[in-house]
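Source file upload.pdb; content: PDB, C-alpha atoms.
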ATOM      1  CA  MET A  22       0.000   0.000   0.000  1.00  0.00           C
ATOM      2  CA  ILE A  23       2.863   2.381   0.776  1.00  0.00           C
ATOM      3  CA  TYR A  24       4.193   1.873  -2.749  1.00  0.00           C
ATOM      4  CA  VAL A  25       0.892   2.992  -4.295  1.00  0.00           C
ATOM      5  CA  LEU A  26       0.826   6.026  -2.017  1.00  0.00           C
ATOM      6  CA  ALA A  27       4.463   6.813  -2.875  1.00  0.00           C
ATOM      7  CA  ALA A  28       3.675   6.592  -6.593  1.00  0.00           C
ATOM      8  CA  LEU A  29       0.524   8.734  -6.490  1.00  0.00           C
ATOM      9  CA  LEU A  30       1.347  11.214  -3.678  1.00  0.00           C
ATOM     10  CA  PRO A  31       5.141  11.026  -3.315  1.00  0.00           C
ATOM     11  CA  PRO A  32       5.732  13.458  -0.400  1.00  0.00           C
ATOM     12  CA  ILE A  33       2.878  11.975   1.660  1.00  0.00           C
ATOM     13  CA  GLY A  34       4.138   8.439   1.031  1.00  0.00           C
ATOM     14  CA  LEU A  35       7.643   9.413   2.107  1.00  0.00           C
ATOM     15  CA  LEU A  36       6.378  11.152   5.248  1.00  0.00           C
ATOM     16  CA  LEU A  37       4.298   8.141   6.256  1.00  0.00           C
ATOM     17  CA  ASN A  38       7.333   5.937   5.665  1.00  0.00           C
ATOM     18  CA  GLY A  39       9.345   8.039   8.121  1.00  0.00           C
ATOM     19  CA  GLN A  40      11.522   9.952   5.646  1.00  0.00           C
ATOM     20  CA  PRO A  41      10.887  13.679   6.198  1.00  0.00           C
ATOM     21  CA  PHE A  42      14.058  14.930   4.462  1.00  0.00           C
ATOM     22  CA  SER A  43      13.304  12.826   1.391  1.00  0.00           C
ATOM     23  CA  ALA A  44       9.767  14.253   1.403  1.00  0.00           C
ATOM     24  CA  ILE A  45      11.108  17.827   1.421  1.00  0.00           C
ATOM     25  CA  PHE A  46      13.552  16.980  -1.366  1.00  0.00           C
ATOM     26  CA  ASN A  47      10.692  15.391  -3.275  1.00  0.00           C
ATOM     27  CA  LEU A  48       8.632  18.597  -2.989  1.00  0.00           C
ATOM     28  CA  VAL A  49      11.531  20.551  -4.488  1.00  0.00           C
ATOM     29  CA  LEU A  50      11.819  17.898  -7.176  1.00  0.00           C
ATOM     30  CA  ILE A  51       8.098  18.189  -7.947  1.00  0.00           C
ATOM     31  CA  VAL A  52       8.388  21.950  -8.475  1.00  0.00           C
ATOM     32  CA  PHE A  53      11.443  21.570 -10.693  1.00  0.00           C
ATOM     33  CA  CYS A  54       9.914  18.727 -12.705  1.00  0.00           C
ATOM     34  CA  ALA A  55       6.559  20.508 -13.056  1.00  0.00           C
ATOM     35  CA  ILE A  56       8.297  23.494 -14.658  1.00  0.00           C
ATOM     36  CA  PHE A  57      10.594  21.563 -16.979  1.00  0.00           C
ATOM     37  CA  GLY A  58       8.111  18.699 -17.454  1.00  0.00           C
ATOM     38  CA  LEU A  59       6.118  20.883 -19.795  1.00  0.00           C
ATOM     39  CA  PHE A  60       8.914  20.493 -22.346  1.00  0.00           C
ATOM     40  CA  PHE A  61      10.306  17.079 -21.350  1.00  0.00           C
ATOM     41  CA  HIS A  62       7.322  14.969 -20.329  1.00  0.00           C
ATOM     42  CA  VAL A  63       9.463  12.157 -18.893  1.00  0.00           C
ATOM     43  CA  LEU A  64      10.478  14.473 -16.039  1.00  0.00           C
ATOM     44  CA  LEU A  65       6.939  14.278 -14.669  1.00  0.00           C
ATOM     45  CA  LEU A  66       7.653  10.685 -13.589  1.00  0.00           C
ATOM     46  CA  VAL A  67      10.848  11.506 -11.687  1.00  0.00           C
ATOM     47  CA  PRO A  68       9.288  12.473  -8.297  1.00  0.00           C
ATOM     48  CA  SER A  69       7.190   9.306  -8.202  1.00  0.00           C
ATOM     49  CA  ALA A  70      10.173   7.171  -9.170  1.00  0.00           C
ATOM     50  CA  HIS A  71      12.273   8.821  -6.468  1.00  0.00           C
ATOM     51  CA  ALA A  72       9.625   8.123  -3.832  1.00  0.00           C
ATOM     52  CA  VAL A  73       9.126   4.484  -4.821  1.00  0.00           C
ATOM     53  CA  ILE A  74      12.883   3.840  -4.872  1.00  0.00           C
ATOM     54  CA  ALA A  75      13.355   5.586  -1.499  1.00  0.00           C
ATOM     55  CA  VAL A  76      10.555   3.533   0.091  1.00  0.00           C
ATOM     56  CA  HIS A  77      12.011   0.325  -1.338  1.00  0.00           C
ATOM     57  CA  MET A  78      15.514   1.119  -0.095  1.00  0.00           C
ATOM     58  CA  ARG A  79      14.220   1.935   3.398  1.00  0.00           C
ATOM     59  CA  ARG A  80      12.300  -1.342   3.565  1.00  0.00           C
ATOM     60  CA  GLU A  81      15.311  -3.330   2.360  1.00  0.00           C
ATOM     61  CA  ASP A  82      17.469  -1.634   4.985  1.00  0.00           C
ATOM     62  CA  ARG A  83      14.954  -2.561   7.689  1.00  0.00           C
ATOM     63  CA  ARG A  84      14.840  -6.159   6.478  1.00  0.00           C
ATOM     64  CA  HIS A  85      18.631  -6.341   6.452  1.00  0.00           C
ATOM     65  CA  ARG A  86      18.891  -4.957  10.001  1.00  0.00           C
ATOM     66  CA  GLU A  87      16.299  -7.481  11.223  1.00  0.00           C
ATOM     67  CA  MET A  88      18.226 -10.332   9.597  1.00  0.00           C
ATOM     68  CA  VAL A  89      21.545  -9.238  11.123  1.00  0.00           C
ATOM     69  CA  GLU A  90      19.920  -8.881  14.535  1.00  0.00           C
ATOM     70  CA  ALA A  91      18.383 -12.371  14.271  1.00  0.00           C
ATOM     71  CA  ILE A  92      21.775 -13.855  13.348  1.00  0.00           C
ATOM     72  CA  ARG A  93      23.417 -12.061  16.268  1.00  0.00           C
ATOM     73  CA  ARG A  94      20.722 -13.252  18.650  1.00  0.00           C
ATOM     74  CA  HIS A  95      20.341 -16.873  17.490  1.00  0.00           C
ATOM     75  CA  GLY A  96      23.555 -17.600  15.593  1.00  0.00           C
ATOM     76  CA  PRO A  97      24.007 -18.512  11.939  1.00  0.00           C
ATOM     77  CA  PRO A  98      21.563 -20.908  10.264  1.00  0.00           C
ATOM     78  CA  PRO A  99      22.336 -24.659  10.348  1.00  0.00           C
ATOM     79  CA  GLY A 100      24.687 -25.738   7.609  1.00  0.00           C
ATOM     80  CA  TYR A 101      26.205 -22.281   7.187  1.00  0.00           C
ATOM     81  CA  ARG A 102      29.839 -22.393   6.077  1.00  0.00           C
ATOM     82  CA  VAL A 103      32.317 -19.563   6.063  1.00  0.00           C
ATOM     83  CA  PRO A 104      34.142 -19.552   2.704  1.00  0.00           C
TER      84      PRO A 104
END

Write out the structure in this file as structure tokens.
Amino acid sequence: MIYVLAALLPPIGLLLNGQPFSAIFNLVLIVFCAIFGLFFHVLLLVPSAHAVIAVHMRREDRRHREMVEAIRRHGPPPGYRVP
């Protein structure tokens, strides 16, 4: 659901994902892309792409931290070999 919100309302999606500085940057990006998007229509997609990528990276970072914490707490999985 956060991905749909980030694609349709990028600053709101970023704020709800806990990224206020990215939301402010995205507002600046929206203004810039709205002005120059009149001539280069592809620029109108840039703020939404930025928001979706930022949300994805934040979720991957969270998942990675959870995995590292689980390995620290419970040890490596059975059969794990160090190369």

Open item on the list: Neighbouring residues of A:Phe42 were defined as those with any atom within 12 Å, considering only C-alpha atoms; residues of the same chain fewer than 6 positions away were excluded. Please report them as number ranges by chain.
Closed with: A: 32-33, 35-36, 48-49, 72, 75

What would the file look like if the residues just selected were written as a short mmCIF file (atom, residue, chain, number, x, y, z; two decimals), in the coordinates of the input with C-alpha atoms?
data_model
loop_
_atom_site.label_atom_id
_atom_site.label_comp_id
_atom_site.auth_asym_id
_atom_site.auth_seq_id
_atom_site.Cartn_x
_atom_site.Cartn_y
_atom_site.Cartn_z
CA PRO A 32 5.73 13.46 -0.40
CA ILE A 33 2.88 11.98 1.66
CA LEU A 35 7.64 9.41 2.11
CA LEU A 36 6.38 11.15 5.25
CA LEU A 48 8.63 18.60 -2.99
CA VAL A 49 11.53 20.55 -4.49
CA ALA A 72 9.62 8.12 -3.83
CA ALA A 75 13.36 5.59 -1.50
#

Open item on the list: If the PyMOL selection byres ((chain A and resi 73) around 12) were run on this exact file, what residues would it hold? Put them as an NGL selection string.
Closed with: :A and (22-35 or 38 or 43-44 or 47 or 66-72 or 74-80)

TODO: Would you mind reading off the distance between atom CA of A:Ala91 and atom CA of A:Gly39, one decimal, in Å?
DONE: 23.2 Å

Task: Separation of atom CA of A:Arg83 from atom CA of A:Cys54 in Å - done: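 Between atom CA of A:Cys54 and atom CA of A:Arg83 the gap works out to 29.9 Å.
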
Is there a way to complete stretch 72-83 of chain A with all heavy atoms and then write that out as a compact mmCIF listing (two decimals), in the coordinates of the input?
# COMPACT_ATOMS: atom_id res chain seq x y z
N ALA A 72 10.33 8.55 -5.04
CA ALA A 72 9.62 8.12 -3.83
C ALA A 72 9.54 6.60 -3.74
O ALA A 72 9.79 6.03 -2.67
CB ALA A 72 8.23 8.72 -3.80
N VAL A 73 9.23 5.95 -4.84
CA VAL A 73 9.13 4.48 -4.82
C VAL A 73 10.48 3.86 -4.52
O VAL A 73 10.59 2.92 -3.72
CB VAL A 73 8.55 3.96 -6.16
CG1 VAL A 73 8.67 2.46 -6.26
CG2 VAL A 73 7.10 4.39 -6.30
N ILE A 74 11.54 4.38 -5.12
CA ILE A 74 12.88 3.84 -4.87
C ILE A 74 13.30 4.10 -3.43
O ILE A 74 13.88 3.22 -2.77
CB ILE A 74 13.89 4.44 -5.87
CG1 ILE A 74 13.60 3.90 -7.26
CG2 ILE A 74 15.32 4.14 -5.46
CD1 ILE A 74 14.35 4.62 -8.37
N ALA A 75 13.00 5.27 -2.89
CA ALA A 75 13.36 5.59 -1.50
C ALA A 75 12.61 4.68 -0.52
O ALA A 75 13.19 4.20 0.45
CB ALA A 75 13.07 7.05 -1.20
N VAL A 76 11.33 4.43 -0.77
CA VAL A 76 10.56 3.53 0.09
C VAL A 76 11.13 2.12 0.02
O VAL A 76 11.29 1.45 1.05
CB VAL A 76 9.06 3.56 -0.31
CG1 VAL A 76 8.30 2.41 0.33
CG2 VAL A 76 8.44 4.88 0.08
N HIS A 77 11.46 1.67 -1.17
CA HIS A 77 12.01 0.32 -1.34
C HIS A 77 13.35 0.19 -0.62
O HIS A 77 13.59 -0.81 0.08
CB HIS A 77 12.18 0.00 -2.82
CG HIS A 77 12.80 -1.33 -3.06
ND1 HIS A 77 12.12 -2.51 -2.84
CD2 HIS A 77 14.04 -1.68 -3.47
CE1 HIS A 77 12.92 -3.51 -3.12
NE2 HIS A 77 14.09 -3.04 -3.50
N MET A 78 14.21 1.18 -0.75
CA MET A 78 15.51 1.12 -0.10
C MET A 78 15.36 1.12 1.43
O MET A 78 16.08 0.40 2.13
CB MET A 78 16.39 2.28 -0.55
CG MET A 78 16.88 2.14 -1.97
SD MET A 78 17.83 3.54 -2.57
CE MET A 78 19.17 3.58 -1.43
N ARG A 79 14.44 1.90 1.95
CA ARG A 79 14.22 1.94 3.40
C ARG A 79 13.72 0.59 3.90
O ARG A 79 14.15 0.10 4.94
CB ARG A 79 13.22 3.05 3.70
CG ARG A 79 12.78 3.16 5.12
CD ARG A 79 13.81 3.90 5.95
NE ARG A 79 13.35 4.05 7.31
CZ ARG A 79 13.20 5.21 7.91
NH1 ARG A 79 13.51 6.31 7.29
NH2 ARG A 79 12.77 5.26 9.14
N ARG A 80 12.81 -0.03 3.16
CA ARG A 80 12.30 -1.34 3.56
C ARG A 80 13.38 -2.42 3.49
O ARG A 80 13.46 -3.28 4.35
CB ARG A 80 11.10 -1.74 2.71
CG ARG A 80 9.88 -0.95 3.10
CD ARG A 80 8.65 -1.41 2.36
NE ARG A 80 7.54 -0.74 2.95
CZ ARG A 80 6.55 -1.38 3.57
NH1 ARG A 80 6.55 -2.67 3.65
NH2 ARG A 80 5.57 -0.69 4.10
N GLU A 81 14.21 -2.37 2.46
CA GLU A 81 15.31 -3.33 2.36
C GLU A 81 16.31 -3.14 3.49
O GLU A 81 16.84 -4.12 4.02
CB GLU A 81 16.02 -3.19 1.01
CG GLU A 81 15.25 -3.77 -0.15
CD GLU A 81 15.04 -5.27 -0.02
OE1 GLU A 81 16.00 -5.99 0.34
OE2 GLU A 81 13.91 -5.71 -0.26
N ASP A 82 16.57 -1.90 3.87
CA ASP A 82 17.47 -1.63 4.99
C ASP A 82 16.90 -2.19 6.29
O ASP A 82 17.62 -2.80 7.08
CB ASP A 82 17.71 -0.13 5.11
CG ASP A 82 18.72 0.21 6.17
OD1 ASP A 82 19.80 -0.44 6.18
OD2 ASP A 82 18.45 1.11 6.99
N ARG A 83 15.61 -2.00 6.50
CA ARG A 83 14.95 -2.56 7.69
C ARG A 83 15.05 -4.08 7.71
O ARG A 83 15.35 -4.68 8.73
CB ARG A 83 13.48 -2.16 7.72
CG ARG A 83 13.20 -1.00 8.59
CD ARG A 83 11.70 -0.80 8.71
NE ARG A 83 11.45 0.57 8.29
CZ ARG A 83 10.42 1.00 7.61
NH1 ARG A 83 9.50 0.16 7.23
NH2 ARG A 83 10.29 2.25 7.28
